[in-house]
Amino acid sequence: MPEHTDRNDATGTGARRIELRALAYDVAGTRLIDVPALTLRPTGTTVVMGPNGAGKSLLLRLMHGLIRPSAGEILVGGRPLSPRQCKAQALVFQKPVLLRRSTVANIDFVLKARGKDRSRSRSLLDRVDLAALADRPARRLSGGEQQRLAIARALATEPDTLFLDEPTASLDPESVQAIEGIVAAAARDGVRIIFVTHDVQQARRLADDVVFLSNGRVAEEASAAAFFNGPETDVARAYLSGHLDRLVET
Amino acid sequence: MPITASDGHSIICLAAALASAKSACKPLPFVGMSLVFRKFCRKREILQQIAESVGLAIGLLLAADADLLEIVTLSLYVSLSATSIACVLGLPLGAILAVTRFPGRGPVLVLINALMGLPPVVVGLIVYLQLSRSGPLGFLGLLYTPTAMIIAQTILIAPIVVALSRQVLEDLHLEYAEQFRSLALSARQTIQALLWDGRFALFTVALAGFGRAVAEVGAVMIVGGNIDHLTRVMTTAITLETSRGNLPLALALGIVLLALAMAVTAAVHGIRAGTAGHADA
Amino acid sequence: MRLPAILLLAGLGGMADAGNVILQSTTSTANSDLYDHLLPRFEARSGIKVSVVAVGTGQAIRNAANCDGDVLLVHARPAEEKFVADGGGVERFDVMYNDFVIVGPQADPAGIAGLDDVGAALKRIAEAEAIFASRGDDSGTHRKERTLWEMTGIDPVLASGLWYRETGSGMGATLNAGIGMGGYVMTDRATWITYGNTQDYGIHVEGDPLLFNQYGVMLINPERCPNVRAEEGQALVDWLISEEGQDAIAAHRKGGQQLFFPNARTAE
């Protein structure tokens with residue numbers, strides 16, 4: 001597990017600290033996200049949890065600059081989120097959107113678009129154990145393989161921060177394990193991980209910190225140990241015990 | 001000399017009877033054609049006749065009459081050139097329209113969709129007025145040349161290529177947009193990726209354009225002039241033979257044109273099938 | 001207009017046919033293979049290649065007035081003379097003639113078979129309200145037909161869409177339509193002789209001097225149209241009215257019948 005200290009705060013990993021200030025996101029007059037203040041430490045793996053409809057995916061998209069907040073601001077490394085900073089982030093979607101090309105061509109495409117060294121594609125595929133399928137049409141891969149390719153493609157951009165939006169939802173246990181291993185390895189390599197899941201066991205396995213969302217608000221924000229051992233809010237307690245999920249999903 | 005229509009089994013038989021009566025198959029002398037057509041009329045089944053007439057047309061193609069070959073080649077040259085140019089101009093334009101939003105985009109799309117319905121003869125007339133010696137581009141001396149025919153057909157099918165590719169690529173972009181924005185792709189990179197990933201659907205778009213080009217007669221007749229050995233193509237030859245009352249020859253040419261269109265389509269689908277693995281939606 | 005595309009193509013240019021003389025002419029002459037017979041002889045003599053654009057006389061004259069072509073060979077004398085008078089053409093020469101005929105079905109609903117008085121025939125068609133297919137396209141044939149109707153004092157246009165059917169098409173298309181409707185059609189003899197889809201039709205009216213059909217040829221005025229290949233074009237005109245050209249016209253036959261009768265010399 002990486003340490004939680006902010007080494008080199010001004011120039012190094014500190015540039016990855018994400019601060020949300022008075023952040024709001026409205027759709028048709030309904031406030032879907034309402035976060036007065038939240039600071040995500042610049043290292044380690046943060047798991048964003050919460051029941052369906054809590055706003056987890058929206059929060060991720062706001063932090064990645066895919067959608068604009070209705071009010072408030074997002075600071076990255078102390079500066080308002082800029083296209084350049086967005087470029088230093090990558091996002092893996094719940095359903096991978098792969099190009100209609102071969103596996104390796106999906107990686108090559110990103111390397112070329114970002115002006116990176118094209119020779120890295122094979123080693124990237126090695127990292128997600130897809131080297132043997134390099135020349136397969138990407139869209140013929142299994143769901144788990146497709147998601148691994150999507151992660152490799154995200155890593156190809158050499159991101160500071162990697163967002164993952166429920167990447168293992170609807171995958172088989174073996175694929176889930178493989179993807180968790182890839183994400184953990186990336187975290188060890190120093191990539192800042194922000195991982196959305198509603199799988200409590202997965203959160204336990206991956207999280208250094210937890211942000212628990214409910215109805216678009218941050219209900220709890222704590223280290224993983226503190227959160228899982230003693231959740232402070234009723235809603236988090238109910239969620240961890242499995243009651244809320246059932247409540248919401250029915 | 002007069003032949004009654006009542007005993008004919010079909011238009012084909014009637015045409016065949018006329019052909020044998022007059023053997024007026026010039027200037028495309030297909031030796032033995034009237035004989036083959038006469039053989040037709042002994043068959044009763046219309047389906048059989050159609051099947052045989054297709055076979056006959058293939059026979060005509062294989063026998064490769066020099067005049068027919070010249071006309072077929074020019075048809076392909078003109079329509080494939082027009083399709084290529086319309087695609088080179090129209091596909092990027094369709095992609096830009098698919099990806100960008102700007103004031104007036106709606107009316108532009110309506111206009112382009114409307115232009116898809118332009119009658120070929122109107123396009124021919126417009127191009128004629130430009131290329132005529134008394135028109136603004138008359139100095140180029142392009143009227144009654146294959147180049148003039150390519151220009152007219154390009155204008156005819158470019159709106160089809162733009163409108164259909166816009167639709168195809170917009171649907172594709174809907175799927176890719178968020179991922180592409182996450183990857184921080186430039187508009188240019190986005191368009192290039194869409195054009196490449198949509199290539200199979202775009203082949204079909206190009207085919208639609210080619211089909212309209214190779215089948216139209218109104219535009220090439222006016223700007224090409226249907227000059228023998230210079231600007232005569234399949235459709236203008238069919239029109240000519242029809243106006244000469246050479247219905248069997250006109251019909252045979254029509255079948256050859258159909259075979260030609262099918263061959264081009266099959267070739268494109270062959271390309272698709274060869275690399276179809278990447279085309280899954 | 002997509003001007004950039006056009007200029008791009010013009011830049012590629014090479015397809016422009018710089019060498020050929022363009023002859024604006026009529027479907028009746030082209031469809032009867034007259035030019036397939038004449039032009040190789042002219043080319044052998046002069047080395048000049050000729051491209052034929054075959055349209056109706058009206059359109060041929062308009063194309064010529066737009067300078068699109070070098071030589072005009074049509075059959076509508078008043079229009080030709082007006083064209084020359086307006087400076088469109090240099091000098092008009094009679095080159096040949098044939099004649100018009102009225103063809104009809106064997107049933108002959110107006111009972112005109114065998115008449116040699118075209119005016120009487122047209123009157124009978126109008127009285128019987130038998131279907132008559134007209135070119136309706138401002139061609140030389142159409143103008144001639146209108147003149148003949150005027151002479152009878154009948155205005156068939158009043159019955160347009162009833163028994164008088166204006167096809168707005170070429171001779172062959174009008175024959176196809178007229179025969180399809182079981183109607184009468186006035187056609188030039190050359191087109192009829194070479195026409196393939198005759199069914200039970202035959203010539204009902206012929207031989208009236210009024211049905212005389214004169215063709216004229218002229219060079220398009222190079223002073224008005226600088227692009228005109230005056231030398232080659234004039235060579236074609238001169239050859240057509242020369243003894244050799246006239247003999248070649250007389251020698252063109254279909255099914256043993258002479259289609260056009262040269263009269264350049266007699267007309268002078």
# chains A, B, ... in the order shown; residues from 1 in each chain; ligands from 1
call {"tool": "interface_residues", "arguments": {"of": "chain A", "to": "chain B", "cutoff": "10 Å", "atoms": "only C-alpha atoms", "output": "PyMOL selection string"}}
result
chain A and resi 61+64-67+83-84+86-93+96-103+109-110+112-114+136-140+153-154+157
call {"tool": "write_last_selection", "arguments": {"atoms": "N, CA, C and O atoms", "output": "compact mmCIF listing (two decimals), in the first residue's frame"}}
result
# COMPACT_ATOMS: atom_id res chain seq x y z
N ARG A 61 -17.14 12.48 -13.79
CA ARG A 61 -17.13 13.24 -15.04
C ARG A 61 -16.83 14.71 -14.79
O ARG A 61 -16.17 15.36 -15.60
N HIS A 64 -13.17 15.05 -14.21
CA HIS A 64 -12.40 14.79 -15.43
C HIS A 64 -12.69 15.85 -16.50
O HIS A 64 -12.11 15.83 -17.58
N GLY A 65 -13.60 16.75 -16.19
CA GLY A 65 -13.87 17.83 -17.13
C GLY A 65 -14.76 17.43 -18.29
O GLY A 65 -14.87 18.15 -19.28
N LEU A 66 -15.43 16.28 -18.21
CA LEU A 66 -16.32 15.87 -19.30
C LEU A 66 -17.62 16.65 -19.27
O LEU A 66 -18.26 16.83 -20.29
N ILE A 67 -18.02 17.07 -18.07
CA ILE A 67 -19.19 17.96 -17.96
C ILE A 67 -18.79 19.14 -17.09
O ILE A 67 -17.86 19.05 -16.28
N PRO A 83 -7.80 22.17 -19.68
CA PRO A 83 -7.68 21.09 -20.66
C PRO A 83 -6.35 20.34 -20.51
O PRO A 83 -6.29 19.12 -20.70
N ARG A 84 -5.30 21.07 -20.15
CA ARG A 84 -4.00 20.42 -20.00
C ARG A 84 -4.03 19.43 -18.85
O ARG A 84 -3.48 18.33 -18.94
N CYS A 86 -6.76 18.01 -17.72
CA CYS A 86 -7.63 16.89 -18.13
C CYS A 86 -6.83 15.88 -18.93
O CYS A 86 -7.06 14.67 -18.85
N LYS A 87 -5.88 16.38 -19.71
CA LYS A 87 -5.06 15.50 -20.53
C LYS A 87 -4.17 14.60 -19.69
O LYS A 87 -3.74 13.54 -20.14
N ALA A 88 -3.88 15.06 -18.47
CA ALA A 88 -3.06 14.26 -17.56
C ALA A 88 -3.91 13.25 -16.79
O ALA A 88 -3.40 12.54 -15.95
N GLN A 89 -5.21 13.26 -17.06
CA GLN A 89 -6.10 12.29 -16.43
C GLN A 89 -6.60 11.32 -17.50
O GLN A 89 -6.56 11.63 -18.68
N ALA A 90 -7.07 10.15 -17.02
CA ALA A 90 -7.73 9.24 -17.95
C ALA A 90 -8.92 8.63 -17.24
O ALA A 90 -8.96 8.58 -16.02
N LEU A 91 -9.90 8.22 -18.05
CA LEU A 91 -11.11 7.66 -17.46
C LEU A 91 -11.46 6.35 -18.14
O LEU A 91 -11.46 6.27 -19.38
N VAL A 92 -11.74 5.34 -17.34
CA VAL A 92 -12.20 4.05 -17.87
C VAL A 92 -13.70 3.96 -17.57
O VAL A 92 -14.10 4.06 -16.41
N PHE A 93 -14.47 3.79 -18.63
CA PHE A 93 -15.92 3.79 -18.49
C PHE A 93 -16.43 2.41 -18.09
O PHE A 93 -15.76 1.40 -18.30
N PRO A 96 -16.77 -0.31 -21.90
CA PRO A 96 -15.66 0.19 -22.71
C PRO A 96 -16.12 0.56 -24.11
O PRO A 96 -16.91 -0.17 -24.72
N VAL A 97 -15.67 1.68 -24.61
CA VAL A 97 -15.95 2.09 -25.99
C VAL A 97 -14.66 1.88 -26.79
O VAL A 97 -13.74 2.68 -26.70
N LEU A 98 -14.62 0.77 -27.50
CA LEU A 98 -13.40 0.44 -28.25
C LEU A 98 -13.59 0.79 -29.72
O LEU A 98 -14.69 0.73 -30.25
N LEU A 99 -12.48 1.14 -30.36
CA LEU A 99 -12.53 1.43 -31.79
C LEU A 99 -12.71 0.13 -32.56
O LEU A 99 -12.35 -0.96 -32.08
N ARG A 100 -13.27 0.25 -33.76
CA ARG A 100 -13.51 -0.92 -34.59
C ARG A 100 -12.21 -1.30 -35.30
O ARG A 100 -12.09 -1.17 -36.53
N ARG A 101 -11.26 -1.69 -34.51
CA ARG A 101 -9.94 -2.04 -35.04
C ARG A 101 -9.40 -3.18 -34.19
O ARG A 101 -10.05 -3.64 -33.27
N SER A 102 -8.16 -3.59 -34.47
CA SER A 102 -7.56 -4.66 -33.70
C SER A 102 -7.22 -4.15 -32.30
O SER A 102 -7.20 -2.94 -32.04
N THR A 103 -6.96 -5.09 -31.41
CA THR A 103 -6.60 -4.77 -30.04
C THR A 103 -5.41 -3.81 -30.00
O THR A 103 -5.47 -2.75 -29.37
N PHE A 109 -3.58 3.80 -31.62
CA PHE A 109 -4.34 5.01 -31.92
C PHE A 109 -4.09 6.08 -30.86
O PHE A 109 -3.84 7.24 -31.18
N VAL A 110 -4.15 5.67 -29.58
CA VAL A 110 -3.99 6.65 -28.50
C VAL A 110 -2.54 7.13 -28.44
O VAL A 110 -2.27 8.33 -28.28
N LYS A 112 -0.47 7.37 -30.83
CA LYS A 112 -0.23 8.29 -31.95
C LYS A 112 -0.92 9.63 -31.70
O LYS A 112 -0.32 10.70 -31.90
N ALA A 113 -2.17 9.56 -31.25
CA ALA A 113 -2.92 10.80 -31.02
C ALA A 113 -2.22 11.68 -29.97
O ALA A 113 -2.27 12.90 -30.05
N ARG A 114 -1.59 11.03 -28.99
CA ARG A 114 -0.95 11.79 -27.93
C ARG A 114 0.54 12.03 -28.19
O ARG A 114 1.25 12.55 -27.35
N ARG A 136 -6.41 -9.50 -32.65
CA ARG A 136 -7.85 -9.76 -32.67
C ARG A 136 -8.61 -8.46 -32.87
O ARG A 136 -8.20 -7.42 -32.35
N PRO A 137 -9.74 -8.53 -33.55
CA PRO A 137 -10.62 -7.35 -33.55
C PRO A 137 -11.05 -7.04 -32.11
O PRO A 137 -11.52 -7.93 -31.40
N ALA A 138 -10.87 -5.80 -31.71
CA ALA A 138 -11.12 -5.46 -30.31
C ALA A 138 -12.55 -5.78 -29.90
O ALA A 138 -12.81 -6.18 -28.78
N ARG A 139 -13.46 -5.62 -30.86
CA ARG A 139 -14.87 -5.80 -30.51
C ARG A 139 -15.26 -7.26 -30.43
O ARG A 139 -16.41 -7.57 -30.12
N ARG A 140 -14.32 -8.15 -30.76
CA ARG A 140 -14.60 -9.58 -30.61
C ARG A 140 -14.06 -10.12 -29.29
O ARG A 140 -14.21 -11.30 -29.01
N ARG A 153 -5.42 1.15 -22.63
CA ARG A 153 -5.49 2.35 -23.46
C ARG A 153 -5.43 3.61 -22.59
O ARG A 153 -4.76 4.58 -22.94
N ALA A 154 -6.11 3.56 -21.43
CA ALA A 154 -6.04 4.70 -20.52
C ALA A 154 -4.62 4.89 -20.01
O ALA A 154 -4.10 6.01 -19.95
N THR A 157 -1.89 6.74 -22.08
CA THR A 157 -1.75 8.21 -22.06
C THR A 157 -0.85 8.66 -20.89
O THR A 157 -0.65 9.84 -20.71
call {"tool": "interface_residues", "arguments": {"of": "chain B", "to": "chain C", "cutoff": "6 Å", "atoms": "only C-alpha atoms", "output": "mmCIF file with C-alpha atoms, in the first residue's frame"}}
result
data_model
loop_
_atom_site.group_PDB
_atom_site.id
_atom_site.type_symbol
_atom_site.label_atom_id
_atom_site.label_comp_id
_atom_site.auth_asym_id
_atom_site.auth_seq_id
_atom_site.Cartn_x
_atom_site.Cartn_y
_atom_site.Cartn_z
ATOM 1 C CA PRO B 2 -45.956 -5.551 -89.568
ATOM 2 C CA ILE B 3 -45.768 -7.819 -86.597
ATOM 3 C CA THR B 4 -48.645 -8.257 -84.210
ATOM 4 C CA SER B 132 -21.203 26.311 -72.425
ATOM 5 C CA ARG B 133 -18.948 28.461 -74.568
ATOM 6 C CA SER B 134 -21.174 31.377 -73.695
ATOM 7 C CA LEU B 142 -14.967 21.069 -71.266
ATOM 8 C CA THR B 145 -16.134 15.737 -72.745
ATOM 9 C CA THR B 147 -14.688 15.558 -67.704
ATOM 10 C CA GLY B 225 -23.915 14.998 -75.762
ATOM 11 C CA ILE B 227 -21.205 11.464 -78.797
ATOM 12 C CA SER B 243 -35.417 6.075 -79.314
ATOM 13 C CA ARG B 244 -34.411 4.040 -82.330
ATOM 14 C CA GLY B 245 -36.982 1.440 -81.352
ATOM 15 C CA ASN B 246 -34.233 -1.125 -80.763
#
call {"tool": "select_by_dssp", "arguments": {"residues": "region 37-203 of chain A", "states": "strand (DSSP E or B)", "output": "PyMOL selection string"}}
result
chain A and resi 37-40+45-49+71-76+79-80+89-92+102+137+161-165+192-196
